[in-house]
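Source file: upload20.pdb (PDB, C-alpha atoms)
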```pdb
ATOM      1  CA  MET C 184     166.965 192.563 131.167
ATOM      2  CA  THR C 185     167.086 192.004 134.898
ATOM      3  CA  GLU C 186     167.293 194.457 137.752
ATOM      4  CA  LYS C 187     171.099 194.330 137.399
ATOM      5  CA  GLU C 188     171.484 196.470 134.280
ATOM      6  CA  GLY C 189     173.133 194.647 131.424
ATOM      7  CA  SER C 190     172.682 191.112 132.704
ATOM      8  CA  PRO C 191     170.161 188.941 130.885
ATOM      9  CA  GLY C 192     166.829 187.998 132.443
ATOM     10  CA  ALA C 193     166.380 184.917 130.286
ATOM     11  CA  ARG C 194     168.230 182.699 127.876
ATOM     12  CA  VAL C 195     166.554 180.770 125.081
ATOM     13  CA  VAL C 196     167.770 178.280 122.531
ATOM     14  CA  LEU C 197     165.704 177.966 119.360
ATOM     15  CA  GLN C 198     165.818 174.820 117.229
ATOM     16  CA  GLN C 199     163.866 174.209 114.049
ATOM     17  CA  CYS C 200     162.425 170.712 113.831
ATOM     18  CA  VAL C 201     160.420 168.431 111.580
ATOM     19  CA  HIS C 202     159.064 166.444 114.536
ATOM     20  CA  ALA C 203     159.528 166.523 118.333
ATOM     21  CA  THR C 204     158.139 164.416 121.180
ATOM     22  CA  LEU C 205     158.495 165.478 124.822
ATOM     23  CA  GLN C 206     157.654 163.368 127.847
ATOM     24  CA  VAL C 207     155.777 165.630 130.241
ATOM     25  CA  LYS C 208     154.992 163.056 132.924
ATOM     26  CA  PRO C 209     156.984 159.902 133.674
ATOM     27  CA  ALA C 210     155.315 156.506 133.889
ATOM     28  CA  GLY C 211     153.912 155.678 137.278
ATOM     29  CA  GLU C 212     153.181 152.369 138.914
ATOM     30  CA  HIS C 213     149.689 152.228 137.386
ATOM     31  CA  GLU C 214     149.909 154.662 134.470
ATOM     32  CA  ASP C 215     151.847 155.155 131.271
ATOM     33  CA  ALA C 216     154.123 158.095 130.630
ATOM     34  CA  GLN C 217     152.469 161.147 129.043
ATOM     35  CA  PHE C 218     153.871 162.893 125.980
ATOM     36  CA  VAL C 219     153.211 165.956 123.826
ATOM     37  CA  GLN C 220     154.394 166.198 120.242
ATOM     38  CA  ILE C 221     154.657 168.618 117.378
ATOM     39  CA  ASP C 222     155.466 168.319 113.707
ATOM     40  CA  ARG C 223     157.283 170.943 111.653
ATOM     41  CA  GLY C 224     158.076 174.065 113.595
ATOM     42  CA  MET C 225     160.325 175.223 116.398
ATOM     43  CA  VAL C 226     161.457 174.029 119.816
ATOM     44  CA  ILE C 227     162.076 176.790 122.374
ATOM     45  CA  TYR C 228     164.277 175.881 125.346
ATOM     46  CA  ILE C 229     163.945 178.553 128.052
ATOM     47  CA  CYS C 230     165.687 179.463 131.318
ATOM     48  CA  PHE C 231     165.059 182.489 133.552
ATOM     49  CA  PHE C 232     167.723 184.184 135.678
ATOM     50  CA  LYS C 233     167.552 185.933 139.056
ATOM     51  CA  GLY C 234     165.942 189.336 138.792
ATOM     52  CA  ALA C 235     163.881 188.510 135.679
ATOM     53  CA  THR C 236     160.440 190.111 135.587
ATOM     54  CA  GLU C 237     157.341 189.822 133.416
ATOM     55  CA  ASP C 238     158.398 193.035 131.654
ATOM     56  CA  ILE C 239     160.716 191.062 129.338
ATOM     57  CA  LEU C 240     158.090 188.522 128.265
ATOM     58  CA  PRO C 241     156.218 190.472 125.536
ATOM     59  CA  LYS C 242     159.477 191.318 123.726
ATOM     60  CA  MET C 243     160.693 187.730 124.059
ATOM     61  CA  VAL C 244     157.494 186.270 122.628
ATOM     62  CA  SER C 245     157.281 188.749 119.755
ATOM     63  CA  THR C 246     160.946 188.327 118.831
ATOM     64  CA  ILE C 247     160.976 184.529 118.998
ATOM     65  CA  LEU C 248     157.727 183.890 117.139
ATOM     66  CA  ASN C 249     158.509 186.395 114.369
ATOM     67  CA  LEU C 250     162.084 185.250 113.641
ATOM     68  CA  ARG C 251     162.433 183.597 110.251
ATOM     69  CA  LEU C 252     164.161 180.409 111.397
ATOM     70  CA  CYS C 253     162.019 177.715 109.772
ATOM     71  CA  GLU C 254     162.436 176.514 106.220
ATOM     72  CA  SER C 255     159.231 176.742 104.179
ATOM     73  CA  ASP C 256     158.240 174.368 101.374
ATOM     74  CA  SER C 257     159.704 176.837  98.863
ATOM     75  CA  GLY C 258     163.069 176.793 100.666
ATOM     76  CA  LYS C 259     162.718 180.352 101.954
ATOM     77  CA  MET C 260     163.073 181.041 105.651
ATOM     78  CA  ALA C 261     159.817 181.824 107.454
ATOM     79  CA  SER C 262     158.681 182.520 110.984
ATOM     80  CA  VAL C 263     156.609 179.936 112.802
ATOM     81  CA  LEU C 264     153.694 182.373 112.461
ATOM     82  CA  GLU C 265     154.056 182.286 108.666
ATOM     83  CA  LEU C 266     154.221 178.498 108.453
ATOM     84  CA  PRO C 267     151.518 176.029 109.171
ATOM     85  CA  GLY C 268     153.937 175.019 111.936
ATOM     86  CA  SER C 269     154.051 174.299 115.628
ATOM     87  CA  VAL C 270     155.911 175.381 118.753
ATOM     88  CA  LEU C 271     157.191 173.216 121.610
ATOM     89  CA  ILE C 272     158.359 175.072 124.736
ATOM     90  CA  VAL C 273     160.782 173.172 126.968
ATOM     91  CA  PRO C 274     161.807 174.586 130.370
ATOM     92  CA  GLN C 275     165.564 174.098 130.559
ATOM     93  CA  ALA C 276     167.211 175.256 133.789
ATOM     94  CA  THR C 277     170.558 173.877 132.644
ATOM     95  CA  LEU C 278     170.856 176.785 130.179
ATOM     96  CA  GLY C 279     171.766 178.881 133.222
ATOM     97  CA  GLY C 280     174.693 176.727 134.256
ATOM     98  CA  LYS C 281     178.295 177.827 134.552
ATOM     99  CA  ALA C 282     181.235 175.467 134.741
ATOM    100  CA  LYS C 283     183.123 175.420 138.027
ATOM    101  CA  GLY C 284     185.912 172.919 138.102
ATOM    102  CA  ARG C 285     184.514 169.705 136.660
ATOM    103  CA  GLY C 286     180.930 170.442 137.659
ATOM    104  CA  MET C 287     178.168 172.857 136.826
ATOM    105  CA  GLN C 288     176.626 175.474 139.098
ATOM    106  CA  TYR C 289     173.289 177.219 138.673
ATOM    107  CA  HIS C 290     173.563 180.119 141.138
ATOM    108  CA  ASN C 291     172.240 182.696 138.646
ATOM    109  CA  ASN C 292     169.000 180.807 137.930
ATOM    110  CA  ILE C 293     165.741 182.217 139.232
ATOM    111  CA  GLY C 294     164.022 180.535 142.208
ATOM    112  CA  LYS C 295     161.668 177.672 141.368
ATOM    113  CA  ASP C 296     158.396 179.432 142.336
ATOM    114  CA  GLU C 297     159.217 182.643 140.488
ATOM    115  CA  GLY C 298     160.545 180.667 137.513
ATOM    116  CA  LEU C 299     157.310 178.676 137.330
ATOM    117  CA  ARG C 300     155.281 181.892 137.384
ATOM    118  CA  LEU C 301     157.338 183.435 134.560
ATOM    119  CA  TYR C 302     157.293 180.190 132.559
ATOM    120  CA  ASN C 303     153.484 179.964 132.792
ATOM    121  CA  ALA C 304     153.167 183.631 131.780
ATOM    122  CA  PHE C 305     155.524 183.043 128.825
ATOM    123  CA  VAL C 306     153.486 180.039 127.654
ATOM    124  CA  SER C 307     150.240 182.046 127.970
ATOM    125  CA  LEU C 308     151.657 184.959 125.955
ATOM    126  CA  CYS C 309     152.844 182.561 123.244
ATOM    127  CA  GLU C 310     149.379 180.966 123.101
ATOM    128  CA  LYS C 311     147.751 184.402 122.716
ATOM    129  CA  GLU C 312     150.191 185.458 119.991
ATOM    130  CA  LEU C 313     149.681 182.206 118.074
ATOM    131  CA  LYS C 314     145.882 182.613 118.198
ATOM    132  CA  ASN C 315     146.106 186.272 117.099
ATOM    133  CA  PRO C 316     149.188 186.501 114.871
ATOM    134  CA  ASN C 317     150.766 189.847 114.102
ATOM    135  CA  THR C 318     148.788 191.468 111.317
ATOM    136  CA  ASN C 319     152.004 192.966 109.924
ATOM    137  CA  THR C 320     152.903 189.504 108.659
ATOM    138  CA  ALA C 321     151.080 189.000 105.372
ATOM    139  CA  ASP C 322     151.009 185.197 105.491
ATOM    140  CA  ALA C 323     149.951 185.100 109.134
ATOM    141  CA  THR C 324     146.541 186.541 108.322
ATOM    142  CA  ASP C 325     145.787 183.655 105.966
ATOM    143  CA  ALA C 326     143.106 181.434 107.481
ATOM    144  CA  SER C 327     144.961 178.335 106.296
ATOM    145  CA  VAL C 328     147.871 179.002 108.666
ATOM    146  CA  ASN C 329     147.598 176.591 111.577
ATOM    147  CA  VAL C 330     150.120 176.988 114.382
ATOM    148  CA  THR C 331     149.858 174.852 117.521
ATOM    149  CA  LEU C 332     151.678 175.132 120.835
ATOM    150  CA  LYS C 333     152.697 172.391 123.245
ATOM    151  CA  HIS C 334     154.840 172.784 126.338
ATOM    152  CA  GLY C 335     156.751 170.832 128.922
ATOM    153  CA  THR C 336     156.312 170.667 132.677
ATOM    154  CA  TYR C 337     158.348 173.189 134.655
ATOM    155  CA  GLY C 338     160.603 171.678 137.319
ATOM    156  CA  ASN C 339     160.472 168.077 136.038
ATOM    157  CA  ARG C 340     163.088 166.120 134.155
ATOM    158  CA  GLN C 341     161.713 165.440 130.697
ATOM    159  CA  VAL C 342     162.722 163.166 127.838
ATOM    160  CA  LEU C 343     162.920 164.791 124.406
ATOM    161  CA  LYS C 344     163.112 163.124 121.004
ATOM    162  CA  LEU C 345     163.879 165.576 118.221
ATOM    163  CA  ASP C 346     164.056 165.126 114.448
ATOM    164  CA  THR C 347     165.507 168.037 112.554
ATOM    165  CA  ASN C 348     166.532 168.758 108.994
ATOM    166  CA  GLY C 349     169.773 170.325 110.166
ATOM    167  CA  PRO C 350     171.376 171.600 113.349
ATOM    168  CA  TYR C 351     169.860 175.030 112.862
ATOM    169  CA  THR C 352     170.143 176.192 116.490
ATOM    170  CA  HIS C 353     170.229 179.741 117.838
ATOM    171  CA  LEU C 354     171.018 181.143 121.286
ATOM    172  CA  MET C 355     169.366 184.378 122.429
ATOM    173  CA  GLU C 356     169.391 186.372 125.655
ATOM    174  CA  PHE C 357     166.809 188.896 126.791
TER     175      PHE C 357
END
```
Starting from the coordinates I provided, produce the structure as structure tokens.
Amino acid sequence: MTEKEGSPGARVVLQQCVHATLQVKPAGEHEDAQFVQIDRGMVIYICFFKGATEDILPKMVSTILNLRLCESDSGKMASVLELPGSVLIVPQATLGGKAKGRGMQYHNNIGKDEGLRLYNAFVSLCEKELKNPNTNTADATDASVNVTLKHGTYGNRQVLKLDTNGPYTHLMEF
């Protein structure tokens, strides 16, 4: 939560995927565009609001990575930590928008510098959790589990191509 009690500090949208490609740097005059990609796993779209602090990050990371939102080979739902899956984190400031008339306003979004700091801290915490999965998850301790993390570039417009086996999308606020 933020300093204003009861208002969220961050909003995330979680989407299971079978493959995702994100452009992290547009093509320049003398260079090609750069992309990151993942296979089966989860895409995390994230937006921070004014007043958000690093205090919310550990709970966010633990909750998101341990949710059973991905379909395993057996058809059962599993967390990304239980799958040999991947995570793609996409900064998405538009999640903080509110309609006003026929346009959108983003007055509740965090400032760019503070948002970048929180985004980088969130990515780092996710990387740590994926390297050292929660030992309470039986499958996560299996050495064959291979979870990778890729992320987008904060503050840049990015192009996303997403293949999914169903519109299995969830909205969460922290």
Atom-to-atom span, CA of Gly234 in chain C and CA of Ile293 in chain C, Å: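 A separation of 7.1 Å between them.
Considering all atoms listed in the file, the residue among C:Arg340, C:Arg194, C:His213, C:Lys295 positioned nearest to Met243 in chain C is C:Arg194.
Note that CA of Gln275 in chain C and CA of Val219 in chain C are 16.3 Å apart.
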Give me the residues near Ile239 in chain C as a PyMOL selection string, where near means some atom within 12 Å (using only C-alpha atoms) and where sequence neighbours in that chain fewer than 4 positions away do not count. chain C and resi 184-186+191-194+231-232+234-235+243-246+301-302+304-305+308+356-357
List the residues selected by the PyMOL selection byres ((chain C and resi 264) around 7) in the file shown, writing them as a PyMOL selection string. chain C and resi 248-249+262-263+265-266+313+316+323+330
Hits of the PyMOL selection byres ((chain C and resi 195) around 6) in this structure, as an MDAnalysis selection string: chainID C and resid 194 196 228:229 354:355
If you count only C-alpha atoms, which residues fall within 10 Å of Leu205 in chain C, apart from same-chain ones fewer than 4 positions away, as a list of chain:residue names? C:Gln217, C:Phe218, C:Val219, C:Gln220, C:Ile221, C:Leu271, C:Ile272, C:Val273, C:Lys333, C:His334, C:Gly335, C:Thr336, C:Gln341, C:Val342, C:Leu343, C:Lys344, C:Leu345
In terms of the shortest atom-to-atom distance over all atoms listed in the file, which of C:Gln199, C:Asn348, C:Ser307, C:Thr331 is closest to Ala261 in chain C?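 Comparing C:Gln199, C:Asn348, C:Ser307, C:Thr331 against Ala261 in chain C, the winner is C:Gln199.
Counting from CA of Gly284 in chain C, the distance to CA of Cys230 in chain C is 22.3 Å.
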Counting all atoms listed in the file, the option among C:Gly268, C:Leu332, C:Ala216, C:Lys311 closest to Cys200 in chain C: C:Gly268
Would you mind telling me which residue in C:Lys259, C:Glu237, C:Gln198, C:Val226 lies nearest to Pro350 in chain C when using only C-alpha atoms?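 Of C:Lys259, C:Glu237, C:Gln198, C:Val226, the one nearest Pro350 in chain C is C:Gln198, counting only C-alpha atoms.
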Minimum-distance residue to Pro267 in chain C, chosen among C:Asp222, C:Ile227, C:Leu240, C:Gly279 (using only C-alpha atoms): C:Asp222
Ranking C:Lys208, C:Ala203, C:Lys242, C:Lys233 by minimum distance to Gly338 in chain C and counting only C-alpha atoms, which one comes first? C:Lys208
Box for range 193-198 of chain C: with edges along x, y and z, all listed atoms inside and 8 Å added on each side, what are the centre and edge lengths in Å to one decimal, as AutoDock Vina command-line options?
```
--center_x 167.0 --center_y 179.9 --center_z 123.8 --size_x 18.5 --size_y 26.1 --size_z 29.1
```
Can I get range 277-305 of chain C with N, CA and C atoms filled in, as a compact mmCIF listing (two decimals), in the coordinates of the input?
```
# COMPACT_ATOMS: atom_id res chain seq x y z
N THR C 277 169.13 174.07 132.87
CA THR C 277 170.56 173.88 132.64
C THR C 277 171.16 174.94 131.72
N LEU C 278 170.33 175.70 131.01
CA LEU C 278 170.86 176.78 130.18
C LEU C 278 171.50 177.87 131.03
N GLY C 279 171.20 177.89 132.33
CA GLY C 279 171.77 178.88 133.22
C GLY C 279 173.02 178.43 133.93
N GLY C 280 173.53 177.28 133.57
CA GLY C 280 174.69 176.73 134.26
C GLY C 280 176.01 177.35 133.84
N LYS C 281 176.92 177.38 134.81
CA LYS C 281 178.30 177.83 134.55
C LYS C 281 179.23 176.76 135.09
N ALA C 282 180.27 176.47 134.32
CA ALA C 282 181.24 175.47 134.74
C ALA C 282 182.06 175.98 135.91
N LYS C 283 182.22 175.13 136.91
CA LYS C 283 183.12 175.42 138.03
C LYS C 283 183.87 174.12 138.31
N GLY C 284 185.14 174.15 137.99
CA GLY C 284 185.91 172.92 138.10
C GLY C 284 185.37 171.92 137.09
N ARG C 285 185.05 170.73 137.55
CA ARG C 285 184.51 169.70 136.66
C ARG C 285 183.01 169.54 136.82
N GLY C 286 182.37 170.50 137.47
CA GLY C 286 180.93 170.44 137.66
C GLY C 286 180.26 171.70 137.15
N MET C 287 178.96 171.70 137.25
CA MET C 287 178.17 172.86 136.83
C MET C 287 177.47 173.45 138.03
N GLN C 288 177.36 174.77 138.04
CA GLN C 288 176.63 175.47 139.10
C GLN C 288 175.55 176.34 138.46
N TYR C 289 174.46 176.51 139.20
CA TYR C 289 173.29 177.22 138.67
C TYR C 289 172.87 178.36 139.60
N HIS C 290 173.84 179.07 140.16
CA HIS C 290 173.56 180.12 141.14
C HIS C 290 172.81 181.32 140.56
N ASN C 291 172.91 181.54 139.26
CA ASN C 291 172.24 182.70 138.65
C ASN C 291 170.81 182.41 138.23
N ASN C 292 170.37 181.14 138.32
CA ASN C 292 169.00 180.81 137.93
C ASN C 292 168.00 181.38 138.93
N ILE C 293 166.83 181.69 138.42
CA ILE C 293 165.74 182.22 139.23
C ILE C 293 165.24 181.12 140.18
N GLY C 294 164.62 181.50 141.30
CA GLY C 294 164.02 180.54 142.21
C GLY C 294 162.90 179.76 141.53
N LYS C 295 162.63 178.56 142.02
CA LYS C 295 161.67 177.67 141.37
C LYS C 295 160.26 178.28 141.29
N ASP C 296 159.76 178.88 142.35
CA ASP C 296 158.40 179.43 142.34
C ASP C 296 158.28 180.59 141.36
N GLU C 297 159.24 181.51 141.39
CA GLU C 297 159.22 182.64 140.49
C GLU C 297 159.44 182.19 139.05
N GLY C 298 160.31 181.21 138.85
CA GLY C 298 160.54 180.67 137.51
C GLY C 298 159.29 180.03 136.94
N LEU C 299 158.56 179.30 137.77
CA LEU C 299 157.31 178.68 137.33
C LEU C 299 156.30 179.74 136.92
N ARG C 300 156.22 180.81 137.69
CA ARG C 300 155.28 181.89 137.38
C ARG C 300 155.63 182.53 136.04
N LEU C 301 156.91 182.83 135.83
CA LEU C 301 157.34 183.44 134.56
C LEU C 301 157.16 182.47 133.39
N TYR C 302 157.45 181.20 133.61
CA TYR C 302 157.29 180.19 132.56
C TYR C 302 155.83 180.10 132.14
N ASN C 303 154.91 180.03 133.10
CA ASN C 303 153.48 179.96 132.79
C ASN C 303 153.02 181.22 132.06
N ALA C 304 153.52 182.38 132.46
CA ALA C 304 153.17 183.63 131.78
C ALA C 304 153.72 183.64 130.35
N PHE C 305 154.93 183.13 130.16
CA PHE C 305 155.52 183.04 128.82
C PHE C 305 154.69 182.14 127.92
```
